[in-house]
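Listing of protein.cif; format and content: mmCIF, C-alpha atoms and all ligand atoms.
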data_final
loop_
_atom_site.label_atom_id
_atom_site.label_comp_id
_atom_site.auth_asym_id
_atom_site.auth_seq_id
_atom_site.Cartn_x
_atom_site.Cartn_y
_atom_site.Cartn_z
CA MET A 1 1.25 -1.96 16.99
CA HIS A 2 -0.49 1.10 15.52
CA THR A 3 -4.22 1.64 15.40
CA PHE A 4 -6.20 2.27 12.23
CA ASP A 5 -7.41 5.70 13.31
CA LYS A 6 -7.82 8.85 11.21
CA ASN A 7 -4.24 9.87 11.85
CA TYR A 8 -3.00 6.55 10.46
CA TRP A 9 -5.11 6.88 7.30
CA GLU A 10 -4.11 10.50 6.68
CA LYS A 11 -0.46 9.41 6.77
CA HIS A 12 -1.27 6.42 4.60
CA TRP A 13 -2.74 8.76 1.97
CA ASP A 14 0.23 11.10 1.59
CA PRO A 15 0.35 12.74 -1.86
CA ALA A 16 2.72 10.11 -3.28
CA ALA A 17 0.52 7.22 -2.12
CA ALA A 18 -2.61 8.95 -3.38
CA ALA A 19 -0.97 9.39 -6.80
CA ARG A 20 0.29 5.77 -6.86
CA SER A 21 -3.13 4.40 -6.01
CA GLN A 22 -4.56 6.04 -9.10
CA ARG A 23 -2.42 3.79 -11.27
CA LEU A 24 -3.93 0.63 -9.74
CA PRO A 25 -6.71 -1.22 -11.50
CA VAL A 26 -10.23 -1.25 -10.08
CA ASN A 27 -10.84 -4.47 -8.22
CA PRO A 28 -12.28 -7.07 -10.62
CA TYR A 29 -15.24 -8.01 -8.40
CA LEU A 30 -17.19 -4.85 -9.13
CA ALA A 31 -17.57 -5.85 -12.77
CA THR A 32 -18.46 -9.47 -12.06
CA GLU A 33 -20.76 -8.81 -9.09
CA THR A 34 -22.65 -5.69 -10.17
CA ALA A 35 -23.10 -6.20 -13.93
CA HIS A 36 -26.63 -7.60 -13.44
CA LEU A 37 -27.81 -4.60 -11.38
CA SER A 38 -29.64 -1.57 -12.75
CA PRO A 39 -27.75 1.58 -11.80
CA GLY A 40 -29.21 3.58 -8.93
CA ALA A 41 -27.68 5.10 -5.82
CA ALA A 42 -24.49 3.52 -4.51
CA LEU A 43 -22.22 4.01 -1.52
CA ASP A 44 -18.53 3.10 -1.55
CA ALA A 45 -17.66 2.80 2.14
CA GLY A 46 -13.96 3.47 2.69
CA CYS A 47 -13.56 4.68 -0.90
CA GLY A 48 -9.92 5.79 -0.66
CA THR A 49 -8.98 7.80 -3.75
CA GLY A 50 -12.16 6.74 -5.51
CA ALA A 51 -11.26 4.13 -8.14
CA GLU A 52 -14.28 1.93 -7.47
CA ALA A 53 -16.66 4.84 -6.91
CA LEU A 54 -15.64 6.34 -10.25
CA TRP A 55 -15.99 3.02 -12.00
CA LEU A 56 -19.59 2.82 -10.79
CA ALA A 57 -20.29 6.47 -11.68
CA GLU A 58 -19.02 5.87 -15.22
CA ARG A 59 -21.59 3.06 -15.49
CA GLY A 60 -24.52 5.24 -14.52
CA TRP A 61 -24.57 4.96 -10.73
CA GLN A 62 -25.01 8.05 -8.57
CA VAL A 63 -22.23 7.41 -6.09
CA THR A 64 -21.45 8.56 -2.58
CA GLY A 65 -17.84 7.89 -1.61
CA ALA A 66 -17.29 7.97 2.14
CA ASP A 67 -13.93 7.88 3.84
CA ILE A 68 -12.27 9.02 7.05
CA SER A 69 -9.30 10.55 5.20
CA THR A 70 -9.54 14.18 4.05
CA SER A 71 -6.57 13.70 1.69
CA ALA A 72 -8.03 10.58 0.06
CA LEU A 73 -11.33 12.35 -0.55
CA ALA A 74 -9.59 15.40 -2.03
CA ALA A 75 -7.76 13.12 -4.47
CA ALA A 76 -11.01 11.29 -5.28
CA ALA A 77 -12.87 14.55 -5.96
CA ALA A 78 -10.07 15.82 -8.23
CA ARG A 79 -10.15 12.53 -10.08
CA ALA A 80 -13.92 12.71 -10.53
CA ASP A 81 -13.63 16.26 -11.90
CA ALA A 82 -10.96 15.19 -14.37
CA ALA A 83 -13.11 12.27 -15.50
CA GLY A 84 -16.18 14.48 -15.98
CA MET A 85 -17.95 12.59 -13.19
CA ALA A 86 -18.36 15.39 -10.65
CA GLU A 87 -22.14 15.41 -11.00
CA ARG A 88 -22.44 11.67 -10.47
CA THR A 89 -20.28 11.62 -7.35
CA GLN A 90 -20.44 13.01 -3.85
CA TRP A 91 -17.58 12.72 -1.36
CA VAL A 92 -18.35 12.55 2.34
CA GLU A 93 -15.81 12.65 5.14
CA ALA A 94 -17.16 10.25 7.73
CA ASP A 95 -16.00 7.73 10.29
CA LEU A 96 -17.85 4.58 9.26
CA THR A 97 -17.71 3.26 12.80
CA SER A 98 -19.95 6.06 14.11
CA TRP A 99 -21.59 7.66 11.03
CA GLU A 100 -25.38 7.65 11.01
CA PRO A 101 -26.37 8.41 7.41
CA GLU A 102 -29.95 9.59 7.02
CA ARG A 103 -30.48 7.76 3.76
CA ARG A 104 -30.12 4.28 2.26
CA TRP A 105 -28.50 3.06 -0.98
CA GLU A 106 -29.46 0.42 -3.55
CA LEU A 107 -25.83 -0.72 -3.61
CA VAL A 108 -23.29 -0.55 -0.81
CA VAL A 109 -19.75 -1.66 -1.70
CA THR A 110 -16.67 -1.80 0.44
CA SER A 111 -13.21 -3.05 -0.45
CA TYR A 112 -10.36 -3.56 2.00
CA ALA A 113 -11.64 -0.91 4.40
CA HIS A 114 -10.39 -1.81 7.84
CA PRO A 115 -11.31 0.51 10.68
CA GLU A 116 -10.26 0.22 14.28
CA THR A 117 -13.39 -1.69 15.26
CA GLY A 118 -12.63 -4.72 13.06
CA GLN A 119 -14.34 -6.09 9.99
CA LEU A 120 -17.56 -7.71 11.11
CA ALA A 121 -18.68 -4.71 13.17
CA LEU A 122 -18.14 -2.56 10.07
CA TYR A 123 -20.09 -4.91 7.77
CA GLN A 124 -22.94 -5.07 10.26
CA ARG A 125 -23.24 -1.29 10.06
CA LEU A 126 -23.05 -1.28 6.26
CA ALA A 127 -25.89 -3.81 6.09
CA ASP A 128 -28.18 -1.31 7.80
CA TRP A 129 -27.52 1.23 5.06
CA VAL A 130 -28.78 -0.97 2.21
CA ALA A 131 -32.27 -0.13 0.91
CA PRO A 132 -34.83 -2.97 0.79
CA GLY A 133 -34.19 -4.94 -2.41
CA GLY A 134 -30.64 -3.57 -2.51
CA THR A 135 -27.24 -5.25 -2.53
CA VAL A 136 -24.13 -5.20 -0.40
CA LEU A 137 -20.79 -6.23 -1.91
CA ILE A 138 -17.94 -6.88 0.51
CA VAL A 139 -14.34 -7.44 -0.58
CA ALA A 140 -11.95 -8.14 2.29
CA HIS A 141 -8.45 -9.41 2.99
CA LEU A 142 -8.83 -13.09 3.80
CA HIS A 143 -8.11 -14.21 7.33
CA HIS A 144 -4.94 -16.34 7.85
CA ALA A 145 -3.69 -15.99 4.27
CA ALA A 146 -0.09 -15.37 3.17
CA HIS A 147 -0.53 -11.71 2.18
CA SER A 148 2.39 -9.89 0.56
CA HIS A 149 2.34 -7.35 3.36
CA PRO A 150 1.24 -8.48 6.81
CA HIS A 151 -2.26 -7.62 7.96
CA PRO A 152 -3.18 -7.72 11.63
CA GLU A 153 -5.90 -10.24 12.35
CA GLY A 154 -8.47 -7.48 12.97
CA ALA A 155 -7.96 -6.18 9.42
CA THR A 156 -8.93 -9.48 7.82
CA ALA A 157 -12.10 -11.53 7.68
CA ASP A 158 -13.20 -15.04 6.80
CA GLN A 159 -16.02 -16.17 4.57
CA GLU A 160 -17.99 -17.82 7.37
CA GLY A 161 -17.85 -14.76 9.57
CA ILE A 162 -19.12 -12.47 6.84
CA THR A 163 -21.83 -14.75 5.49
CA GLY A 164 -22.94 -15.37 9.10
CA LEU A 165 -23.97 -11.72 9.28
CA PHE A 166 -26.39 -12.22 6.40
CA SER A 167 -27.75 -15.65 7.35
CA ARG A 168 -30.87 -14.18 8.86
CA PRO A 169 -34.36 -13.24 7.75
CA GLY A 170 -34.39 -10.27 5.41
CA TRP A 171 -31.13 -11.21 3.68
CA SER A 172 -30.03 -13.63 1.01
CA VAL A 173 -26.36 -14.43 0.38
CA GLU A 174 -26.09 -14.57 -3.41
CA THR A 175 -22.34 -15.04 -3.92
CA THR A 176 -19.47 -15.99 -1.68
CA TYR A 177 -16.00 -17.13 -2.63
CA GLN A 178 -12.29 -16.64 -2.10
CA ASN A 179 -9.81 -15.60 -4.75
CA THR A 180 -6.09 -14.98 -5.08
CA ARG A 181 -4.81 -12.40 -7.53
CA THR A 182 -1.58 -10.61 -8.29
CA LEU A 183 -1.11 -7.01 -9.26
CA ARG A 184 1.85 -4.71 -9.74
CA ALA A 185 1.94 -1.89 -7.21
CA GLY A 186 4.83 0.46 -6.54
CA GLY A 187 7.08 -1.50 -8.93
CA ARG A 188 6.58 -4.87 -7.25
CA GLU A 189 4.18 -7.79 -7.41
CA VAL A 190 1.55 -7.89 -4.70
CA HIS A 191 -0.39 -11.07 -4.01
CA LEU A 192 -3.87 -10.50 -2.70
CA HIS A 193 -5.95 -13.16 -0.99
CA ASP A 194 -9.51 -11.95 -1.10
CA VAL A 195 -12.85 -12.97 0.31
CA ILE A 196 -15.90 -11.75 -1.55
CA VAL A 197 -19.50 -11.77 -0.35
CA ARG A 198 -22.52 -10.36 -2.17
CA ALA A 199 -25.84 -10.34 -0.36
CA ARG A 200 -29.28 -8.93 -1.17
CA ARG A 201 -31.63 -7.32 1.27
CA THR A 202 -34.94 -9.06 0.62
CA SER A 203 -37.06 -6.93 2.93
C1 LIG B 1 -6.81 -0.07 2.26
S1 LIG B 1 -7.75 1.35 1.89
C2 LIG B 1 -8.84 0.75 0.61
C3 LIG B 1 -9.32 1.86 -0.29
C4 LIG B 1 -10.23 1.42 -1.44
N1 LIG B 1 -11.52 0.96 -0.96
C5 LIG B 1 -9.58 0.34 -2.27
O1 LIG B 1 -10.14 -0.75 -2.39
O2 LIG B 1 -8.51 0.60 -2.84
C6 LIG B 1 -8.87 1.47 3.28
C7 LIG B 1 -9.71 2.74 3.25
O3 LIG B 1 -10.63 2.72 4.35
C8 LIG B 1 -10.66 4.00 4.93
N2 LIG B 1 -11.09 3.87 6.33
C9 LIG B 1 -10.46 3.19 7.31
N3 LIG B 1 -11.13 3.32 8.47
C10 LIG B 1 -12.21 4.10 8.20
C11 LIG B 1 -13.28 4.59 8.99
N4 LIG B 1 -13.37 4.32 10.30
N5 LIG B 1 -14.21 5.35 8.39
C12 LIG B 1 -14.11 5.66 7.07
N6 LIG B 1 -13.14 5.21 6.27
C13 LIG B 1 -12.18 4.45 6.83
C14 LIG B 1 -9.22 4.50 4.80
O4 LIG B 1 -9.08 5.89 4.90
C15 LIG B 1 -8.86 3.98 3.42
O5 LIG B 1 -9.15 4.93 2.41
#
Let me see the file written as structure tokens.
Amino acid sequence: MHTFDKNYWEKHWDPAAAARSQRLPVNPYLATETAHLSPGAALDAGCGTGAEALWLAERGWQVTGADISTSALAAAAARADAAGMAERTQWVEADLTSWEPERRWELVVTSYAHPETGQLALYQRLADWVAPGGTVLIVAHLHHAAHSHPHPEGATADQEGITGLFSRPGWSVETTYQNTRTLRAGGREVHLHDVIVRARRTS
């Protein structure tokens, strides 16, 4: 079994995959879960080729996209330039499992990012990067679901595990649910089983 290290993700984001990913729709949860928020500074943690980061930038957010993959970030930056969003976006090569950003964001989003350390350890770190009053939105592959392509257990999460991280003073879980959706990727149908958690930092 491979590990989800930088080498893995650089191979994952070969030029063909980076191009293919740009034809995929933005995940639908950004629209439903962030529409009520006033745009400010946002971080997309594990941004890949930048679809979600760009979506936020186009809606007025000043977005930092962070990823471990140099190739993914290069594709994201080119995409932002082409969309006229270069000034609203910043691309940072960082390993989210060890990065110590010196700032905080009003919105931290992450979708399907699965580092070597597993999901909950990642989400715990992301929580620390949310400014007081800010929001974290987590979209993950659901644990024990029949995914179209197999995901090792460490790359999935369950609702209880994620919400457990935010069931403590200083946080309020505002939305949590599971959803199944189908999209066409690489000429085939892919069934995604998602878990979504949105929480607000109250202090
Ligand atoms: C499955 S892709 C998801 C990309 C994008 N968020 C999306 O929803 O399409 C997972 C992303 O997480 C990034 N990633 C994995 N481990 C990471 C780490 N330790 N630090 C930073 N990014 C990481 C990968 O490079 C990849 O771009």
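Taking all atoms listed in the file into account, Thr34 of chain A lies nearest to A:Gly134 out of the set A:Thr49, A:Gly134, A:Leu122, A:Val195.
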Name the residues in contact with segment 154-166 of chain A at a cut-off of 7 Å, using only C-alpha atoms, excluding same-chain residues fewer than 2 positions from it; report them as a compact mmCIF listing (two decimals) with C-alpha atoms, keeping the file's coordinate frame.
# COMPACT_ATOMS: atom_id res chain seq x y z
CA HIS A 114 -10.39 -1.81 7.84
CA GLY A 118 -12.63 -4.72 13.06
CA GLN A 119 -14.34 -6.09 9.99
CA LEU A 120 -17.56 -7.71 11.11
CA GLN A 124 -22.94 -5.07 10.26
CA ALA A 140 -11.95 -8.14 2.29
CA HIS A 141 -8.45 -9.41 2.99
CA LEU A 142 -8.83 -13.09 3.80
CA HIS A 143 -8.11 -14.21 7.33
CA HIS A 151 -2.26 -7.62 7.96
CA PRO A 152 -3.18 -7.72 11.63
CA ARG A 168 -30.87 -14.18 8.86
CA TRP A 171 -31.13 -11.21 3.68
CA SER A 172 -30.03 -13.63 1.01
CA VAL A 173 -26.36 -14.43 0.38
CA VAL A 195 -12.85 -12.97 0.31
CA VAL A 197 -19.50 -11.77 -0.35
| task | Find the residues around Gln90 of chain A up to 10 Å (all atoms listed in the file counted), leave out those fewer than 4 positions away in its own chain, and share them as a PyMOL selection string. | result | chain A and resi 43+53+62-66+73+76-77+80+85-86
| request: Could the residues that lie within 9 Å of ligand LIG 1 (chain B), counting only C-alpha atoms and all ligand atoms, be listed as a PyMOL selection string? | output: chain A and resi 4-6+8-10+12-13+21+24+26-27+44-53+66-73+93-99+109-117+122+139-140
Around segment 28-42 of chain A, with edges along x, y and z and 3 Å added on all six sides, what centre and edge lengths do you get, in Å to one decimal, as lines of an AutoDock Vina configuration file?
center_x = -21.0
center_y = -2.2
center_z = -9.2
size_x = 23.4
size_y = 20.6
size_z = 15.4
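Distances from A:Ala83, A:Ala19, A:Leu183, A:Ala35 to Leu54 of chain A were compared using only C-alpha atoms, and the smallest one belongs to A:Ala83.
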| query | Do you know which residues are at most 8 Å from Arg201 of chain A counting all atoms listed in the file, after dropping those on the same chain fewer than 5 positions away, and could you put them as JSON, numbers by chain? | reply | {"A": [130, 131, 132, 133, 134, 135, 136, 170, 171, 172]}
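Taking atom CA of Arg181 of chain A and atom CA of Asp194 of chain A as endpoints, the distance between them is 8.0 Å.
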| request: Have a look at A:Gly186, A:Ala41, A:His144, A:His191 and name the one nearest to Arg23 of chain A; count only C-alpha atoms. | output: A:Gly186
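Interatomic distance, atom CA of Pro101 of chain A to atom CA of Tyr123 of chain A: 14.7 Å.
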| note | re atom CA of Ala31 of chain A and atom CA of Thr180 of chain A: distance 16.6 Å
| Closest of A:Glu33, A:Asp128, A:Asp14, A:Glu153 to Arg103 of chain A - atom-to-atom distances counting all atoms listed in the file | A:Asp128
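If all atoms listed in the file are the atoms counted, then among A:Ala42, A:Ala75, A:Leu137, A:Leu107 the closest residue to Gln22 of chain A is A:Ala75.
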Would you kindly place all heavy atoms on segment 7-18 of chain A and return the model as an mmCIF file, in the coordinates of the input?
data_model
loop_
_atom_site.group_PDB
_atom_site.id
_atom_site.type_symbol
_atom_site.label_atom_id
_atom_site.label_comp_id
_atom_site.auth_asym_id
_atom_site.auth_seq_id
_atom_site.Cartn_x
_atom_site.Cartn_y
_atom_site.Cartn_z
ATOM 1 N N ASN A 7 -5.623 9.457 11.987
ATOM 2 C CA ASN A 7 -4.240 9.870 11.850
ATOM 3 C C ASN A 7 -3.453 8.880 10.968
ATOM 4 O O ASN A 7 -2.696 9.258 10.067
ATOM 5 C CB ASN A 7 -3.639 9.956 13.255
ATOM 6 C CG ASN A 7 -2.371 10.724 13.257
ATOM 7 O OD1 ASN A 7 -2.217 11.665 12.482
ATOM 8 N ND2 ASN A 7 -1.435 10.320 14.112
ATOM 9 N N TYR A 8 -3.669 7.591 11.245
ATOM 10 C CA TYR A 8 -3.000 6.550 10.460
ATOM 11 C C TYR A 8 -3.367 6.690 8.981
ATOM 12 O O TYR A 8 -2.502 6.669 8.101
ATOM 13 C CB TYR A 8 -3.410 5.153 10.980
ATOM 14 C CG TYR A 8 -2.943 4.057 10.060
ATOM 15 C CD1 TYR A 8 -1.660 3.527 10.168
ATOM 16 C CD2 TYR A 8 -3.770 3.572 9.036
ATOM 17 C CE1 TYR A 8 -1.220 2.539 9.287
ATOM 18 C CE2 TYR A 8 -3.338 2.596 8.155
ATOM 19 C CZ TYR A 8 -2.069 2.082 8.290
ATOM 20 O OH TYR A 8 -1.628 1.119 7.417
ATOM 21 N N TRP A 9 -4.677 6.862 8.703
ATOM 22 C CA TRP A 9 -5.110 6.880 7.300
ATOM 23 C C TRP A 9 -4.674 8.162 6.594
ATOM 24 O O TRP A 9 -4.378 8.152 5.404
ATOM 25 C CB TRP A 9 -6.623 6.655 7.207
ATOM 26 C CG TRP A 9 -6.953 5.223 7.525
ATOM 27 C CD1 TRP A 9 -7.586 4.757 8.642
ATOM 28 C CD2 TRP A 9 -6.612 4.062 6.745
ATOM 29 N NE1 TRP A 9 -7.656 3.380 8.603
ATOM 30 C CE2 TRP A 9 -7.073 2.934 7.458
ATOM 31 C CE3 TRP A 9 -5.967 3.862 5.533
ATOM 32 C CZ2 TRP A 9 -6.904 1.627 6.986
ATOM 33 C CZ3 TRP A 9 -5.798 2.562 5.062
ATOM 34 C CH2 TRP A 9 -6.267 1.472 5.785
ATOM 35 N N GLU A 10 -4.608 9.268 7.330
ATOM 36 C CA GLU A 10 -4.110 10.500 6.680
ATOM 37 C C GLU A 10 -2.641 10.308 6.283
ATOM 38 O O GLU A 10 -2.220 10.738 5.213
ATOM 39 C CB GLU A 10 -4.251 11.714 7.606
ATOM 40 C CG GLU A 10 -5.673 12.179 7.859
ATOM 41 C CD GLU A 10 -6.441 12.629 6.601
ATOM 42 O OE1 GLU A 10 -5.892 12.654 5.492
ATOM 43 O OE2 GLU A 10 -7.638 12.918 6.766
ATOM 44 N N LYS A 11 -1.870 9.659 7.127
ATOM 45 C CA LYS A 11 -0.460 9.410 6.770
ATOM 46 C C LYS A 11 -0.370 8.426 5.613
ATOM 47 O O LYS A 11 0.459 8.560 4.718
ATOM 48 C CB LYS A 11 0.287 8.835 7.985
ATOM 49 C CG LYS A 11 0.641 9.898 8.990
ATOM 50 C CD LYS A 11 1.651 9.366 10.000
ATOM 51 C CE LYS A 11 1.857 10.377 11.106
ATOM 52 N NZ LYS A 11 1.847 9.771 12.439
ATOM 53 N N HIS A 12 -1.236 7.427 5.662
ATOM 54 C CA HIS A 12 -1.270 6.420 4.600
ATOM 55 C C HIS A 12 -1.491 7.093 3.236
ATOM 56 O O HIS A 12 -0.867 6.732 2.251
ATOM 57 C CB HIS A 12 -2.412 5.434 4.899
ATOM 58 C CG HIS A 12 -2.674 4.434 3.826
ATOM 59 N ND1 HIS A 12 -2.018 3.227 3.755
ATOM 60 C CD2 HIS A 12 -3.514 4.452 2.757
ATOM 61 C CE1 HIS A 12 -2.456 2.549 2.702
ATOM 62 N NE2 HIS A 12 -3.353 3.265 2.079
ATOM 63 N N TRP A 13 -2.394 8.091 3.232
ATOM 64 C CA TRP A 13 -2.740 8.760 1.970
ATOM 65 C C TRP A 13 -1.914 10.026 1.763
ATOM 66 O O TRP A 13 -2.462 11.085 1.463
ATOM 67 C CB TRP A 13 -4.233 9.071 1.939
ATOM 68 C CG TRP A 13 -5.107 7.876 1.756
ATOM 69 C CD1 TRP A 13 -6.123 7.474 2.578
ATOM 70 C CD2 TRP A 13 -5.074 6.921 0.683
ATOM 71 N NE1 TRP A 13 -6.715 6.332 2.094
ATOM 72 C CE2 TRP A 13 -6.083 5.965 0.931
ATOM 73 C CE3 TRP A 13 -4.275 6.766 -0.466
ATOM 74 C CZ2 TRP A 13 -6.323 4.882 0.088
ATOM 75 C CZ3 TRP A 13 -4.523 5.673 -1.294
ATOM 76 C CH2 TRP A 13 -5.521 4.769 -1.018
ATOM 77 N N ASP A 14 -0.585 9.928 1.914
ATOM 78 C CA ASP A 14 0.230 11.100 1.590
ATOM 79 C C ASP A 14 0.161 11.298 0.066
ATOM 80 O O ASP A 14 -0.301 10.400 -0.650
ATOM 81 C CB ASP A 14 1.658 10.949 2.122
ATOM 82 C CG ASP A 14 2.430 9.842 1.426
ATOM 83 O OD1 ASP A 14 2.175 9.560 0.242
ATOM 84 O OD2 ASP A 14 3.289 9.228 2.072
ATOM 85 N N PRO A 15 0.561 12.462 -0.434
ATOM 86 C CA PRO A 15 0.350 12.740 -1.860
ATOM 87 C C PRO A 15 0.944 11.675 -2.782
ATOM 88 O O PRO A 15 0.342 11.322 -3.802
ATOM 89 C CB PRO A 15 1.039 14.090 -2.054
ATOM 90 C CG PRO A 15 0.971 14.741 -0.712
ATOM 91 C CD PRO A 15 1.095 13.633 0.290
ATOM 92 N N ALA A 16 2.104 11.123 -2.406
ATOM 93 C CA ALA A 16 2.720 10.110 -3.280
ATOM 94 C C ALA A 16 1.853 8.855 -3.324
ATOM 95 O O ALA A 16 1.623 8.263 -4.388
ATOM 96 C CB ALA A 16 4.124 9.778 -2.779
ATOM 97 N N ALA A 17 1.347 8.434 -2.169
ATOM 98 C CA ALA A 17 0.520 7.220 -2.120
ATOM 99 C C ALA A 17 -0.794 7.446 -2.857
ATOM 100 O O ALA A 17 -1.288 6.555 -3.567
ATOM 101 C CB ALA A 17 0.251 6.834 -0.669
ATOM 102 N N ALA A 18 -1.349 8.650 -2.693
ATOM 103 C CA ALA A 18 -2.610 8.950 -3.380
ATOM 104 C C ALA A 18 -2.393 8.898 -4.902
ATOM 105 O O ALA A 18 -3.221 8.364 -5.641
ATOM 106 C CB ALA A 18 -3.135 10.313 -2.951
#
